[in-house]
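Next comes protein.txt, with compact mmCIF, N, CA and C atoms.
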```
# COMPACT_ATOMS: atom_id res chain seq x y z
N MET A 1 48.34 42.55 -35.24
CA MET A 1 47.62 43.31 -34.26
C MET A 1 47.74 42.63 -32.91
N ALA A 2 48.25 43.32 -31.93
CA ALA A 2 48.45 42.75 -30.60
C ALA A 2 47.12 42.74 -29.84
N THR A 3 46.90 41.66 -29.12
CA THR A 3 45.69 41.54 -28.33
C THR A 3 45.94 42.12 -26.95
N ASN A 4 45.08 43.00 -26.55
CA ASN A 4 45.18 43.61 -25.24
C ASN A 4 44.62 42.64 -24.20
N SER A 5 45.38 42.39 -23.13
CA SER A 5 44.92 41.44 -22.11
C SER A 5 43.72 41.97 -21.33
N PHE A 6 43.44 43.25 -21.45
CA PHE A 6 42.30 43.84 -20.75
C PHE A 6 41.03 43.85 -21.60
N SER A 7 41.07 43.24 -22.77
CA SER A 7 39.91 43.27 -23.66
C SER A 7 38.95 42.11 -23.41
N GLN A 8 39.23 41.27 -22.40
CA GLN A 8 38.33 40.16 -22.09
C GLN A 8 37.05 40.69 -21.45
N ARG A 9 35.96 39.98 -21.68
CA ARG A 9 34.69 40.37 -21.10
C ARG A 9 34.71 40.13 -19.60
N PHE A 10 34.26 41.09 -18.84
CA PHE A 10 34.27 41.03 -17.39
C PHE A 10 32.84 40.89 -16.90
N PRO A 11 32.58 39.97 -15.95
CA PRO A 11 31.19 39.81 -15.49
C PRO A 11 30.67 41.05 -14.77
N GLN A 12 29.38 41.27 -14.88
CA GLN A 12 28.78 42.44 -14.26
C GLN A 12 28.85 42.36 -12.74
N TYR A 13 28.60 41.18 -12.19
CA TYR A 13 28.66 40.97 -10.75
C TYR A 13 29.66 39.85 -10.47
N LEU A 14 30.59 40.09 -9.56
CA LEU A 14 31.62 39.09 -9.27
C LEU A 14 31.05 37.85 -8.61
N SER A 15 29.99 38.00 -7.83
CA SER A 15 29.43 36.85 -7.12
C SER A 15 28.42 36.08 -7.97
N LYS A 16 28.09 36.56 -9.15
CA LYS A 16 27.11 35.90 -10.00
C LYS A 16 27.79 34.76 -10.76
N PRO A 17 27.36 33.51 -10.56
CA PRO A 17 28.00 32.39 -11.26
C PRO A 17 27.63 32.35 -12.74
N PHE A 18 28.51 31.78 -13.54
CA PHE A 18 28.28 31.62 -14.98
C PHE A 18 27.18 30.57 -15.16
N GLN A 19 26.17 30.89 -15.99
CA GLN A 19 25.06 29.97 -16.21
C GLN A 19 24.80 29.75 -17.69
N ILE A 20 24.35 28.55 -17.98
CA ILE A 20 23.84 28.20 -19.31
C ILE A 20 22.41 27.76 -19.08
N LEU A 21 21.47 28.48 -19.68
CA LEU A 21 20.05 28.34 -19.38
C LEU A 21 19.85 28.58 -17.90
N TRP A 22 19.31 27.65 -17.14
CA TRP A 22 19.14 27.84 -15.71
C TRP A 22 20.15 27.03 -14.90
N PHE A 23 21.08 26.37 -15.59
CA PHE A 23 22.08 25.54 -14.93
C PHE A 23 23.37 26.31 -14.70
N GLU A 24 23.96 26.13 -13.51
CA GLU A 24 25.33 26.57 -13.31
C GLU A 24 26.23 25.51 -13.93
N VAL A 25 27.50 25.81 -14.08
CA VAL A 25 28.40 24.91 -14.80
C VAL A 25 28.48 23.53 -14.16
N ASP A 26 28.59 23.45 -12.85
CA ASP A 26 28.69 22.13 -12.21
C ASP A 26 27.40 21.34 -12.35
N GLU A 27 26.27 21.99 -12.29
CA GLU A 27 24.99 21.30 -12.50
C GLU A 27 24.88 20.80 -13.93
N LEU A 28 25.37 21.59 -14.87
CA LEU A 28 25.32 21.19 -16.28
C LEU A 28 26.18 19.96 -16.53
N VAL A 29 27.33 19.88 -15.90
CA VAL A 29 28.20 18.70 -16.06
C VAL A 29 27.50 17.46 -15.53
N ILE A 30 26.93 17.54 -14.34
CA ILE A 30 26.20 16.41 -13.77
C ILE A 30 25.01 16.03 -14.65
N PHE A 31 24.28 17.03 -15.12
CA PHE A 31 23.12 16.81 -15.98
C PHE A 31 23.51 16.09 -17.27
N LEU A 32 24.52 16.59 -17.95
CA LEU A 32 24.92 16.00 -19.24
C LEU A 32 25.51 14.60 -19.07
N PHE A 33 26.29 14.39 -18.02
CA PHE A 33 26.87 13.07 -17.78
C PHE A 33 25.77 12.04 -17.49
N SER A 34 24.85 12.38 -16.60
CA SER A 34 23.78 11.42 -16.27
C SER A 34 22.80 11.25 -17.43
N LEU A 35 22.57 12.29 -18.21
CA LEU A 35 21.71 12.17 -19.39
C LEU A 35 22.35 11.25 -20.43
N THR A 36 23.65 11.38 -20.62
CA THR A 36 24.36 10.51 -21.57
C THR A 36 24.24 9.05 -21.15
N LEU A 37 24.43 8.78 -19.87
CA LEU A 37 24.29 7.40 -19.39
C LEU A 37 22.86 6.89 -19.57
N ALA A 38 21.88 7.75 -19.32
CA ALA A 38 20.48 7.34 -19.49
C ALA A 38 20.16 7.06 -20.95
N LEU A 39 20.70 7.86 -21.86
CA LEU A 39 20.43 7.65 -23.28
C LEU A 39 21.12 6.38 -23.80
N ILE A 40 22.29 6.08 -23.27
CA ILE A 40 23.03 4.90 -23.73
C ILE A 40 22.41 3.62 -23.17
N TYR A 41 22.17 3.59 -21.86
CA TYR A 41 21.75 2.35 -21.21
C TYR A 41 20.24 2.24 -21.03
N GLY A 42 19.52 3.35 -20.98
CA GLY A 42 18.07 3.33 -20.88
C GLY A 42 17.56 2.67 -19.61
N GLY A 43 16.32 2.27 -19.63
CA GLY A 43 15.71 1.54 -18.52
C GLY A 43 15.80 2.27 -17.19
N VAL A 44 16.42 1.62 -16.22
CA VAL A 44 16.51 2.14 -14.86
C VAL A 44 17.43 3.37 -14.79
N MET A 45 18.26 3.57 -15.78
CA MET A 45 19.16 4.73 -15.77
C MET A 45 18.38 6.04 -15.86
N TRP A 46 17.17 6.02 -16.39
CA TRP A 46 16.35 7.23 -16.41
C TRP A 46 15.95 7.63 -14.99
N LEU A 47 15.69 6.63 -14.15
CA LEU A 47 15.40 6.93 -12.74
C LEU A 47 16.64 7.46 -12.04
N VAL A 48 17.80 6.89 -12.37
CA VAL A 48 19.07 7.37 -11.81
C VAL A 48 19.31 8.81 -12.26
N PHE A 49 19.01 9.11 -13.51
CA PHE A 49 19.15 10.46 -14.05
C PHE A 49 18.31 11.46 -13.26
N LEU A 50 17.05 11.13 -13.05
CA LEU A 50 16.15 12.03 -12.32
C LEU A 50 16.56 12.16 -10.85
N ALA A 51 16.93 11.05 -10.23
CA ALA A 51 17.33 11.08 -8.82
C ALA A 51 18.63 11.87 -8.64
N THR A 52 19.57 11.70 -9.55
CA THR A 52 20.83 12.43 -9.48
C THR A 52 20.59 13.93 -9.56
N GLN A 53 19.78 14.35 -10.51
CA GLN A 53 19.49 15.77 -10.64
C GLN A 53 18.79 16.32 -9.40
N TYR A 54 17.83 15.60 -8.91
CA TYR A 54 17.06 16.06 -7.75
C TYR A 54 17.95 16.19 -6.52
N PHE A 55 18.70 15.14 -6.21
CA PHE A 55 19.51 15.15 -4.99
C PHE A 55 20.70 16.09 -5.09
N TYR A 56 21.31 16.21 -6.28
CA TYR A 56 22.44 17.12 -6.40
C TYR A 56 21.99 18.57 -6.26
N THR A 57 20.89 18.93 -6.91
CA THR A 57 20.38 20.30 -6.81
C THR A 57 19.96 20.62 -5.38
N ARG A 58 19.32 19.68 -4.72
CA ARG A 58 18.89 19.88 -3.35
C ARG A 58 20.09 20.04 -2.41
N THR A 59 21.13 19.21 -2.62
CA THR A 59 22.34 19.30 -1.80
C THR A 59 23.08 20.59 -2.08
N LYS A 60 23.14 20.98 -3.34
CA LYS A 60 23.87 22.19 -3.73
C LYS A 60 23.27 23.44 -3.08
N ARG A 61 21.97 23.49 -2.94
CA ARG A 61 21.32 24.64 -2.32
C ARG A 61 21.69 24.78 -0.84
N LYS A 62 21.99 23.66 -0.19
CA LYS A 62 22.34 23.68 1.23
C LYS A 62 23.82 23.96 1.46
N LYS A 63 24.66 23.72 0.47
CA LYS A 63 26.11 23.86 0.62
C LYS A 63 26.59 25.18 0.04
N SER A 64 27.85 25.51 0.33
CA SER A 64 28.42 26.75 -0.19
C SER A 64 28.87 26.58 -1.65
N ARG A 65 29.25 27.70 -2.27
CA ARG A 65 29.68 27.67 -3.67
C ARG A 65 30.95 26.83 -3.81
N GLY A 66 31.09 26.19 -4.94
CA GLY A 66 32.26 25.36 -5.19
C GLY A 66 32.15 23.97 -4.59
N PHE A 67 30.95 23.57 -4.26
CA PHE A 67 30.71 22.29 -3.59
C PHE A 67 31.25 21.12 -4.41
N LEU A 68 30.95 21.05 -5.71
CA LEU A 68 31.37 19.93 -6.54
C LEU A 68 32.89 19.88 -6.65
N LYS A 69 33.52 21.02 -6.82
CA LYS A 69 34.97 21.06 -6.94
C LYS A 69 35.64 20.52 -5.68
N HIS A 70 35.11 20.87 -4.53
CA HIS A 70 35.68 20.39 -3.28
C HIS A 70 35.42 18.90 -3.07
N VAL A 71 34.28 18.41 -3.50
CA VAL A 71 33.99 16.98 -3.38
C VAL A 71 34.94 16.20 -4.30
N LEU A 72 35.14 16.67 -5.53
CA LEU A 72 36.07 15.99 -6.44
C LEU A 72 37.49 16.04 -5.90
N TYR A 73 37.88 17.12 -5.26
CA TYR A 73 39.20 17.23 -4.62
C TYR A 73 39.31 16.23 -3.47
N MET A 74 38.26 16.12 -2.66
CA MET A 74 38.27 15.20 -1.53
C MET A 74 38.38 13.75 -1.99
N LEU A 75 37.72 13.41 -3.10
CA LEU A 75 37.75 12.04 -3.62
C LEU A 75 39.01 11.74 -4.41
N GLY A 76 39.82 12.75 -4.69
CA GLY A 76 41.08 12.54 -5.39
C GLY A 76 41.00 12.65 -6.90
N PHE A 77 39.86 13.09 -7.45
CA PHE A 77 39.71 13.23 -8.90
C PHE A 77 40.23 14.56 -9.42
N LEU A 78 40.43 15.52 -8.54
CA LEU A 78 40.81 16.86 -8.94
C LEU A 78 41.97 17.33 -8.07
N LYS A 79 42.94 17.95 -8.69
CA LYS A 79 44.08 18.51 -7.96
C LYS A 79 43.95 20.02 -8.01
N LEU A 80 43.83 20.64 -6.84
CA LEU A 80 43.73 22.09 -6.76
C LEU A 80 45.13 22.68 -6.75
N LYS A 81 45.34 23.72 -7.53
CA LYS A 81 46.65 24.35 -7.65
C LYS A 81 47.06 24.98 -6.31
N ASN A 82 48.30 24.73 -5.91
CA ASN A 82 48.89 25.26 -4.68
C ASN A 82 48.21 24.77 -3.41
N TYR A 83 47.53 23.65 -3.47
CA TYR A 83 46.93 23.03 -2.30
C TYR A 83 47.60 21.69 -2.05
N PRO A 84 47.73 21.27 -0.80
CA PRO A 84 48.26 19.93 -0.54
C PRO A 84 47.21 18.88 -0.87
N ASP A 85 47.65 17.62 -0.93
CA ASP A 85 46.70 16.54 -1.13
C ASP A 85 45.70 16.52 0.02
N TYR A 86 44.51 16.03 -0.23
CA TYR A 86 43.44 16.06 0.78
C TYR A 86 43.82 15.28 2.03
N PHE A 87 44.47 14.13 1.86
CA PHE A 87 44.78 13.28 3.00
C PHE A 87 46.10 13.62 3.68
N GLN A 88 46.78 14.61 3.19
CA GLN A 88 48.03 15.02 3.81
C GLN A 88 47.73 15.81 5.08
N ARG A 89 48.20 15.32 6.20
CA ARG A 89 47.87 15.92 7.49
C ARG A 89 48.86 17.00 7.92
N GLU A 90 50.10 16.91 7.48
CA GLU A 90 51.11 17.87 7.91
C GLU A 90 51.87 18.38 6.68
N PHE A 91 51.97 19.68 6.58
CA PHE A 91 52.74 20.28 5.48
C PHE A 91 53.31 21.59 5.94
N HIS A 92 54.35 22.03 5.27
CA HIS A 92 55.05 23.27 5.64
C HIS A 92 54.94 24.24 4.48
N GLU A 93 54.60 25.49 4.78
CA GLU A 93 54.47 26.50 3.74
C GLU A 93 55.80 27.12 3.44
```

Take the structure in this file and express it as structure tokens.
Amino acid sequence: MATNSFSQRFPQYLSKPFQILWFEVDELVIFLFSLTLALIYGGVMWLVFLATQYFYTRTKRKKSRGFLKHVLYMLGFLKLKNYPDYFQREFHE
């Protein structure tokens, strides 16, 4: 049986981000990573966990969508398809 490429679920609103519970995907990644560190190391890492969540959520509300992806691109952890490197000043299309 051939799979139709149009049978994928389509979101109701294009501008509505994908969420799990009340977290968007980038918030969930930050939450799970900092929670894992807090569970492993304990102590002061619980304060780091709470501070990370608070400041990231507060910063995210002030910035545009895709904030984390662009920060990771700027720091060199993520390569965006068909984009030049962040520090490349001159390129030809």

Next on the checklist: I'd like the interatomic distance between atom C of A:Glu90 and atom N of A:Leu72, to a tenth of an Å.
Outcome noted: 20.8 Å

Checklist entry - Rounded to one decimal in Å, what is the spacing between atom CA of A:Trp22 and atom CA of A:Gly76? => result 28.7 Å

Checklist entry - Given the choices A:Thr52, A:Leu68, A:Phe18, A:Thr59, which gets closest to A:Phe31 if the distance is worked out from only N, CA and C atoms? => result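 Ranking A:Thr52, A:Leu68, A:Phe18, A:Thr59 by distance to A:Phe31, first place goes to A:Thr52.
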
Item to check | Shortest interatomic distance to A:Leu50 - which of A:Tyr83, A:Val29, A:Ser34, A:Arg65, counting all atoms listed in the file | outcome: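 Answer, going by the shortest atom-to-atom distance: A:Ser34.
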
Item to check | Separation of atom CA of A:Leu21 from atom CA of A:Gln53 in Å | outcome: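 Atom-to-atom, atom CA of A:Gln53 and atom CA of A:Leu21 are spaced 15.3 Å apart.
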
Next on the checklist: Let me make sure I understand: among A:Leu78, A:Arg89, A:Arg61, A:Leu32, which one has the smallest atom-to-atom distance to A:Phe49 if we use only C-alpha atoms?
Outcome noted: A:Leu32

Hey, could you pull the box centre and edge lengths for stretch 27-38 of chain A, axis-aligned, 5 Å padding per side, all listed atoms, to one decimal in Å, as JSON?
```
{"center_x": 24.2, "center_y": 14.4, "center_z": -16.9, "size_x": 18.0, "size_y": 25.1, "size_z": 19.3}
```
